[in-house]
>>> print(open('query.txt').read())   # compact mmCIF, C-alpha atoms
# COMPACT_ATOMS: atom_id res chain seq x y z
CA MET A 162 -15.35 -11.49 22.36
CA LEU A 163 -14.88 -7.75 22.07
CA SER A 164 -13.64 -6.15 25.26
CA PHE A 165 -16.51 -3.68 25.54
CA PHE A 166 -18.78 -6.66 26.22
CA LYS A 167 -16.57 -7.55 29.18
CA ARG A 168 -16.85 -4.21 30.92
CA LYS A 169 -19.81 -2.27 32.14
CA LYS A 170 -20.73 0.31 29.54
CA ASN A 171 -21.88 3.80 30.38
CA ALA A 172 -25.10 4.85 28.77
CA ASP A 173 -23.23 7.44 26.72
CA GLU A 174 -20.35 5.15 25.72
CA GLU A 175 -19.89 5.15 21.97
CA ILE A 176 -19.30 1.85 20.21
CA LYS A 177 -16.87 2.37 17.37
CA SER A 178 -13.96 0.75 15.56
CA THR A 179 -10.54 2.01 16.63
CA GLY A 180 -8.32 0.70 13.83
CA SER A 181 -7.53 2.03 10.38
CA GLU A 182 -8.46 0.44 7.06
CA ASN A 183 -5.88 -0.79 4.55
CA ALA A 184 -6.95 -2.15 1.17
CA VAL A 185 -5.01 -3.83 -1.64
CA SER A 186 -5.83 -4.99 -5.14
CA ALA A 187 -7.20 -8.53 -5.16
CA LYS A 188 -4.98 -9.32 -8.16
CA ASP A 189 -1.87 -8.36 -6.20
CA LEU A 190 -2.87 -10.39 -3.15
CA LEU A 191 -4.40 -13.47 -4.74
CA ASN A 192 -2.20 -13.62 -7.84
CA MET A 193 -5.24 -14.66 -9.87
CA GLU A 194 -5.60 -13.89 -13.54
CA ASP A 195 -9.32 -14.68 -13.78
CA ILE A 196 -10.44 -11.79 -11.60
CA GLY A 197 -12.69 -9.60 -13.67
CA GLU A 198 -11.71 -6.09 -14.63
CA ALA A 199 -12.67 -3.45 -12.12
CA GLY A 200 -14.53 -1.48 -14.74
CA ASP A 201 -15.68 1.80 -13.28
CA ASP A 202 -13.16 2.66 -10.55
CA ALA A 203 -15.57 5.27 -9.25
CA LYS A 204 -18.08 2.55 -8.40
CA GLU A 205 -18.56 2.01 -4.68
CA VAL A 206 -18.95 -1.48 -3.22
CA TYR A 207 -20.63 -1.85 0.16
CA THR A 208 -19.87 -5.10 1.96
CA GLU A 209 -22.41 -7.23 3.81
CA LEU A 210 -21.59 -8.73 7.20
CA SER A 211 -20.61 -12.40 7.08
CA ILE A 212 -20.03 -14.37 10.28
CA HIS A 213 -17.76 -17.42 10.14
CA PRO A 214 -19.94 -20.58 10.02
CA ASP A 215 -18.08 -22.02 13.02
CA TRP A 216 -18.56 -18.94 15.16
CA SER A 217 -21.30 -19.04 17.75
CA ILE A 218 -21.76 -15.54 19.13
CA PRO A 219 -24.60 -13.85 21.00
CA GLN A 220 -27.08 -11.90 18.92
CA GLU A 221 -26.02 -8.73 20.72
CA GLN A 222 -22.45 -9.10 19.49
CA GLU A 223 -23.58 -9.90 15.95
CA ASN A 224 -25.67 -6.74 16.03
CA VAL A 225 -22.61 -4.74 17.09
CA PHE A 226 -20.56 -6.24 14.26
CA ARG A 227 -23.36 -5.35 11.86
CA PHE A 228 -23.46 -1.78 13.18
CA LEU A 229 -19.68 -1.39 12.88
CA ASN A 230 -19.71 -2.85 9.38
CA ASN A 231 -22.42 -0.43 8.30
CA GLU A 232 -20.19 2.43 9.48
CA LEU A 233 -17.36 1.40 7.12
CA SER A 234 -16.55 3.28 3.95
CA PRO A 235 -17.26 1.45 0.68
CA LEU A 236 -14.48 -0.29 -1.21
CA LYS A 237 -13.46 0.04 -4.83
CA PRO A 238 -14.17 -2.95 -7.09
CA ASN A 239 -11.85 -5.96 -6.72
CA GLU A 240 -10.26 -4.97 -3.43
CA ILE A 241 -9.38 -6.94 -0.29
CA SER A 242 -9.21 -4.91 2.89
CA LEU A 243 -8.36 -5.19 6.57
CA SER A 244 -10.38 -2.83 8.75
CA GLY A 245 -9.37 -2.68 12.41
CA ILE A 246 -12.13 -3.03 15.01
CA GLU A 247 -10.30 -3.34 18.32
CA ILE A 248 -6.82 -3.97 19.70
CA VAL A 249 -6.16 -5.38 23.17
CA ASN A 250 -2.73 -5.62 24.82
CA ASN A 251 -2.42 -8.56 27.18
CA ASN A 252 0.73 -9.39 29.09
CA GLU A 253 1.90 -11.96 26.55
CA GLU A 254 0.12 -11.05 23.30
CA VAL A 255 -1.64 -8.39 21.28
CA VAL A 256 -5.10 -9.41 20.06
CA CYS A 257 -6.40 -7.53 17.03
CA THR A 258 -10.00 -7.89 15.89
CA ALA A 259 -10.58 -6.74 12.33
CA PHE A 260 -12.96 -7.07 9.41
CA VAL A 261 -11.57 -8.94 6.42
CA ARG A 262 -13.45 -7.36 3.52
CA SER A 263 -13.80 -8.36 -0.12
CA SER A 264 -15.44 -6.33 -2.88
CA LEU A 265 -15.10 -9.14 -5.44
CA ASN A 266 -18.14 -10.58 -7.19
CA GLN A 267 -17.01 -14.13 -6.44
CA THR A 268 -16.31 -16.35 -3.45
CA ILE A 269 -12.63 -16.43 -2.53
CA GLU A 270 -10.34 -18.21 -0.10
CA LEU A 271 -7.19 -16.55 1.19
CA GLY A 272 -3.98 -18.44 1.87
CA THR A 273 -0.88 -17.98 4.00
CA THR A 274 -0.13 -14.27 4.07
CA MET A 275 2.23 -11.93 5.89
CA LEU A 276 0.44 -9.23 7.86
CA LEU A 277 1.86 -6.07 9.40
CA LEU A 278 0.72 -4.51 12.65
CA VAL A 279 1.19 -0.80 12.06
CA GLY A 280 0.95 2.43 14.03
CA GLU A 281 1.35 6.01 12.94
CA ASN A 282 4.35 5.99 10.55
CA GLU A 283 5.65 2.88 12.31
CA VAL A 284 5.59 -0.88 11.88
CA TYR A 285 5.00 -2.57 15.24
CA GLY A 286 5.51 -6.11 13.98
CA ARG A 287 4.78 -8.70 11.34
CA LYS A 288 3.53 -12.26 11.34
CA GLN A 289 2.55 -14.91 8.84
CA PHE A 290 -1.09 -16.00 9.16
CA ASN A 291 -2.96 -18.86 7.54
CA LEU A 292 -5.94 -16.85 6.32
CA ALA A 293 -7.63 -20.02 5.10
CA GLU A 294 -8.86 -20.21 8.71
CA ILE A 295 -11.14 -17.29 7.92
CA GLY A 296 -13.05 -19.62 5.61
CA HIS A 297 -14.53 -18.96 2.18
CA LEU A 298 -15.44 -15.31 1.82
CA PRO A 299 -18.73 -14.78 -0.04
CA PRO A 300 -18.97 -12.06 -2.71
CA GLN A 301 -18.83 -8.49 -1.40
CA CYS A 302 -18.63 -9.46 2.26
CA SER A 303 -17.07 -8.30 5.50
CA ARG A 304 -16.04 -10.98 8.00
CA PRO A 305 -14.71 -10.27 11.52
CA PHE A 306 -11.70 -12.26 12.67
CA GLN A 307 -9.03 -12.14 15.38
CA PHE A 308 -5.28 -11.92 14.79
CA VAL A 309 -2.87 -12.61 17.65
CA PHE A 310 0.68 -11.22 17.76
CA GLU A 311 3.10 -12.57 20.37
CA GLN A 312 6.17 -10.74 21.63
CA LYS A 313 8.40 -12.62 19.16
CA ASP A 314 6.35 -11.13 16.30
CA LEU A 315 6.85 -7.55 17.49
CA TYR A 316 9.68 -5.05 17.18
CA LYS A 317 8.99 -3.40 20.54
CA PRO A 318 7.64 -4.48 23.95
CA ILE A 319 3.94 -5.29 24.06
CA ALA A 320 3.40 -2.58 26.66
CA ASP A 321 4.67 0.02 24.17
CA ILE A 322 2.19 -0.86 21.41
CA GLU A 323 -0.17 2.09 20.94
CA THR A 324 -3.86 1.26 20.98
CA GLU A 325 -5.08 4.67 19.85
CA VAL A 326 -3.54 4.61 16.36
CA TRP A 327 -3.16 1.17 14.81
CA GLY A 328 -4.09 -1.01 11.87
CA LEU A 329 -3.42 -4.26 10.04
CA ALA A 330 -1.99 -4.32 6.53
CA PHE A 331 -1.04 -6.91 3.94
CA ASP A 332 2.71 -7.16 3.34
CA LEU A 333 2.99 -7.72 -0.40
CA ARG A 334 6.73 -7.27 -0.64
CA GLU A 335 8.78 -10.14 -2.00
CA GLN A 336 10.52 -12.02 0.80
CA GLU A 337 14.15 -10.94 0.86
CA GLU A 338 16.58 -13.78 0.16
CA HIS A 339 18.40 -15.04 3.24
CA THR A 340 22.17 -14.76 2.66
CA LEU A 341 25.51 -15.42 4.34
CA ASP A 342 27.17 -12.64 6.35
CA LEU A 343 30.80 -13.19 7.36
CA ALA A 344 32.68 -11.33 10.07
CA GLU A 345 35.72 -9.47 8.78
CA SER A 346 38.08 -11.93 10.48
CA TRP A 347 36.37 -14.85 8.76
CA GLU A 348 36.32 -13.04 5.43
CA LYS A 349 40.09 -12.60 5.60
CA THR A 350 41.12 -16.04 6.86
CA LEU A 351 38.54 -18.44 5.41
CA ALA A 352 39.43 -20.20 2.16
CA ASP A 353 37.20 -19.45 -0.83
CA GLU A 354 36.17 -23.11 -0.93
CA ASP A 355 34.99 -22.97 2.69
CA LYS A 356 33.13 -19.72 2.05
CA GLU A 357 31.29 -21.38 -0.82
CA LYS A 358 30.39 -24.35 1.39
CA LEU A 359 28.89 -21.99 3.94
CA ARG A 360 26.91 -20.14 1.25
CA SER A 361 25.57 -23.45 -0.06
CA MET A 362 24.61 -24.45 3.46
CA VAL A 363 22.70 -21.21 4.07
CA GLU A 364 20.87 -21.66 0.76
CA SER A 365 19.95 -25.28 1.49
CA ILE A 366 18.59 -25.02 5.03
CA THR A 367 15.18 -23.63 5.89
CA PRO A 368 15.56 -19.97 6.85
CA PRO A 369 14.18 -18.76 10.18
CA LYS A 370 10.60 -17.63 10.29
CA PRO A 371 10.09 -13.89 9.90
CA GLY A 372 11.05 -12.16 13.12
CA GLU A 373 12.85 -15.18 14.60
CA ILE A 374 16.49 -15.82 15.54
CA GLN A 375 17.70 -19.36 14.86
CA PHE A 376 20.86 -21.27 15.85
CA VAL A 377 22.20 -23.98 13.52
CA GLY A 378 25.20 -26.14 14.36
CA ILE A 379 27.96 -26.36 11.74
CA GLN A 380 30.83 -28.24 13.37
CA SER A 381 31.99 -29.44 16.77
CA LYS A 382 35.37 -30.72 17.94
CA PHE A 383 37.70 -30.97 20.92
CA ILE A 384 40.81 -28.81 21.08
CA ASP A 385 43.76 -30.35 22.94
CA GLY A 386 41.41 -33.10 24.04
CA GLU A 387 39.73 -30.95 26.69
CA LYS A 388 38.21 -27.77 25.20
CA LEU A 389 34.96 -28.11 23.27
CA GLN A 390 34.63 -25.83 20.24
CA VAL A 391 31.31 -25.51 18.42
CA SER A 392 30.76 -23.53 15.23
CA ILE A 393 27.26 -22.11 14.91
CA LEU A 394 25.29 -20.23 12.30
CA ILE A 395 23.32 -17.46 13.99
CA GLN A 396 20.39 -16.73 11.68
CA ASN A 397 18.61 -13.39 11.83
CA GLY A 398 15.09 -13.67 10.44
CA THR A 399 14.16 -10.09 11.28
CA GLU A 400 14.20 -7.05 9.03
CA GLN A 401 16.55 -5.22 11.36
CA ASN A 402 20.24 -5.59 12.12
CA ILE A 403 20.75 -6.99 15.60
CA LYS A 404 23.68 -6.68 17.99
CA LEU A 405 24.51 -9.27 20.64
CA GLN A 406 26.16 -8.05 23.83
CA GLN A 407 26.36 -11.47 25.45
CA LEU A 408 25.07 -14.92 24.59
CA PRO A 409 24.33 -17.80 26.98
CA LEU A 410 24.73 -21.18 25.27
CA VAL A 411 24.30 -24.83 26.18
CA VAL A 412 25.34 -27.86 24.13
CA GLU A 413 23.53 -31.19 23.97
CA ASP A 414 25.27 -34.30 22.67
CA ALA A 415 23.75 -37.39 21.03
CA SER A 416 22.41 -38.60 24.38
CA GLY A 417 20.26 -35.48 24.68
CA GLU A 418 22.11 -34.45 27.83
CA ILE A 419 23.53 -30.96 28.30
CA VAL A 420 27.30 -31.47 28.20
CA ALA A 421 28.45 -27.83 28.25
CA GLY A 422 27.06 -24.46 29.19
CA GLY A 423 28.26 -20.92 29.68
CA GLY A 424 27.93 -17.27 28.75
CA PHE A 425 29.93 -15.50 26.05
CA MET A 426 30.67 -11.79 25.76
CA MET A 427 29.91 -10.78 22.16
CA ASP A 428 30.99 -7.10 22.16
CA ASP A 429 28.27 -5.74 19.85
CA PHE A 430 28.44 -8.75 17.53
CA GLU A 431 26.24 -7.59 14.64
CA ILE A 432 24.12 -9.82 12.42
CA LYS A 433 22.56 -8.04 9.48
CA ALA A 434 18.87 -8.35 8.64
CA ASN A 435 17.91 -11.59 6.85
CA THR A 436 21.42 -13.06 7.07
CA SER A 437 23.23 -15.93 8.77
CA LYS A 438 26.57 -15.34 10.49
CA PRO A 439 28.90 -18.15 11.64
CA TRP A 440 30.95 -17.94 14.85
CA ASN A 441 33.07 -20.23 17.01
CA PHE A 442 32.39 -20.77 20.71
CA VAL A 443 34.96 -22.52 22.92
CA PHE A 444 33.97 -24.15 26.22
CA PRO A 445 36.94 -24.69 28.57
CA PRO A 446 36.99 -27.78 30.81
CA SER A 447 35.40 -25.79 33.65
CA LEU A 448 32.24 -25.32 31.56
CA LEU A 449 31.89 -28.99 30.60
CA THR A 450 29.35 -30.99 32.60
CA LYS A 451 30.52 -34.36 31.29
CA ASP A 452 33.87 -36.05 30.89
CA PRO A 453 35.15 -35.28 27.35
CA SER A 454 35.73 -38.98 26.67
CA LYS A 455 32.03 -39.64 27.28
CA ILE A 456 30.66 -36.81 25.13
CA ASP A 457 29.16 -38.16 21.90
CA LEU A 458 29.31 -35.52 19.16
CA SER A 459 27.89 -37.77 16.43
CA LYS A 460 24.76 -35.70 16.94
CA TRP A 461 24.60 -32.41 18.80
CA ARG A 462 22.93 -29.03 19.02
CA ALA A 463 23.65 -25.70 20.69
CA TYR A 464 21.11 -23.11 21.75
CA PRO A 465 20.46 -20.36 24.31
CA PRO A 466 18.78 -21.86 27.38
CA GLN A 467 15.31 -20.63 28.22
CA GLN A 468 15.37 -18.12 31.01
>>> encode(input="query.txt", output="structure tokens")
Amino acid sequence: MLSFFKRKKNADEEIKSTGSENAVSAKDLLNMEDIGEAGDDAKEVYTELSIHPDWSIPQEQENVFRFLNNELSPLKPNEISLSGIEIVNNNEEVVCTAFVRSSLNQTIELGTTMLLLVGENEVYGRKQFNLAEIGHLPPQCSRPFQFVFEQKDLYKPIADIETEVWGLAFDLREQEEHTLDLAESWEKTLADEDKEKLRSMVESITPPKPGEIQFVGIQSKFIDGEKLQVSILIQNGTEQNIKLQQLPLVVEDASGEIVAGGGFMMDDFEIKANTSKPWNFVFPPSLLTKDPSKIDLSKWRAYPPQQ
């Protein structure tokens, strides 16, 4: 439900969309060869309101959607567009309501697509959405839908997301390949064969989701029979370099019990965008919660504990 239905409206309050409109070529988005030629690019296509068949909304709200849709500018032939209606910042998420518009002369279904939440000359965040949930879009239609961004999808705190200037946009860029990034010390001391093994490992495992940081165990062993060393790939799924000042870690063994835990100073340990960087972490006996002889490392994982 749009927020202006949840608050008492003044008689003079104007109902209007607050977001921008961003359109792309249907051929670029859908990768379909059987889309007809646009023909006259000067032709204007007005889209008719289409409510999702599973939506049950009051007539008043449908009338508002119809009014807002009628206020939209026409599209060019064979375009898909996202037109922002309203953005609401909650404590834990940003909810964007927008029209998904199609000027095609045929029914279409969208698939999994990366969307950007943008401000004025700034990208607030990005998230992959299954747009099949919007349903089949009839020819030349405009369908309202809600898109939810959580903090993990955003590049800045939710409270800092501007609600005056915003929009949703399709991210049509090719996904950058996730690669190995070695610290200088590893680059100098690691044998070429071991470097190649790490590269093969990074290529074979599923990369982190866009915007996520992932921890993957490589190797674990005891040093001098009492210190536990774990080697971990820290995977940066964001489009920005990140620096770690400190990192809390816990280790679970095959029993599922936490057998070690502690905090590590990282001294601006940098992981480049869309890369995985390996590092060793050593837990002294004082940080072990289980007798070393009883720790089963046949299966293990390491991760930052939830705060």
>>> residues_around(input="query.txt", residues="Phe444 of chain A", least_positions_apart="6", cutoff="12 Å", atoms="only C-alpha atoms", output="list in words")
Ser381, Lys382, Phe383, Ile384, Gly386, Glu387, Lys388, Leu389, Gln390, Val391, Ser392, Pro409, Leu410, Val411, Val412, Val420, Ala421, Gly422, Gly423, Gly424, Phe425, Thr450, Lys451, Pro453 and Ala463 of chain A
>>> residues_around(input="query.txt", residues="segment 280-284 of chain A", least_positions_apart="4", cutoff="8 Å", atoms="only C-alpha atoms", output="PyMOL selection string")
chain A and resi 316+323+326-328
>>> residues_around(input="query.txt", residues="Gly417 of chain A", least_positions_apart="6", cutoff="10 Å", atoms="only C-alpha atoms", output="PyMOL selection string")
chain A and resi 457+460-462
>>> closest_residue(input="query.txt", among="A:Glu294, A:Glu254, A:Met362, A:Leu408", to="Ala320 of chain A", atoms="only C-alpha atoms")
A:Glu254
>>> closest_residue(input="query.txt", among="A:Gly296, A:Lys317, A:Asp332, A:Asn231", to="Asp215 of chain A", atoms="all atoms listed in the file")
A:Gly296
>>> atom_distance(input="query.txt", atom1="atom CA of Gln301 of chain A", atom2="atom CA of Val206 of chain A")
7.2 Å
>>> closest_residue(input="query.txt", among="A:Arg304, A:His297, A:Arg287, A:Lys358", to="Leu243 of chain A", atoms="all atoms listed in the file")
A:Arg304
>>> atom_distance(input="query.txt", atom1="atom CA of Leu449 of chain A", atom2="atom CA of Ile374 of chain A")
25.2 Å
>>> atom_distance(input="query.txt", atom1="atom CA of His339 of chain A", atom2="atom CA of Asn435 of chain A")
5.0 Å
>>> closest_residue(input="query.txt", among="A:Ala352, A:Thr340, A:Pro439, A:Leu190", to="Val377 of chain A", atoms="all atoms listed in the file")
A:Pro439
>>> residues_near_point(input="query.txt", point="(-14.1, -17.9, -3.6)", cutoff="7 Å", atoms="all atoms listed in the file", output="ChimeraX atom specification")
/A:267-270,297-299
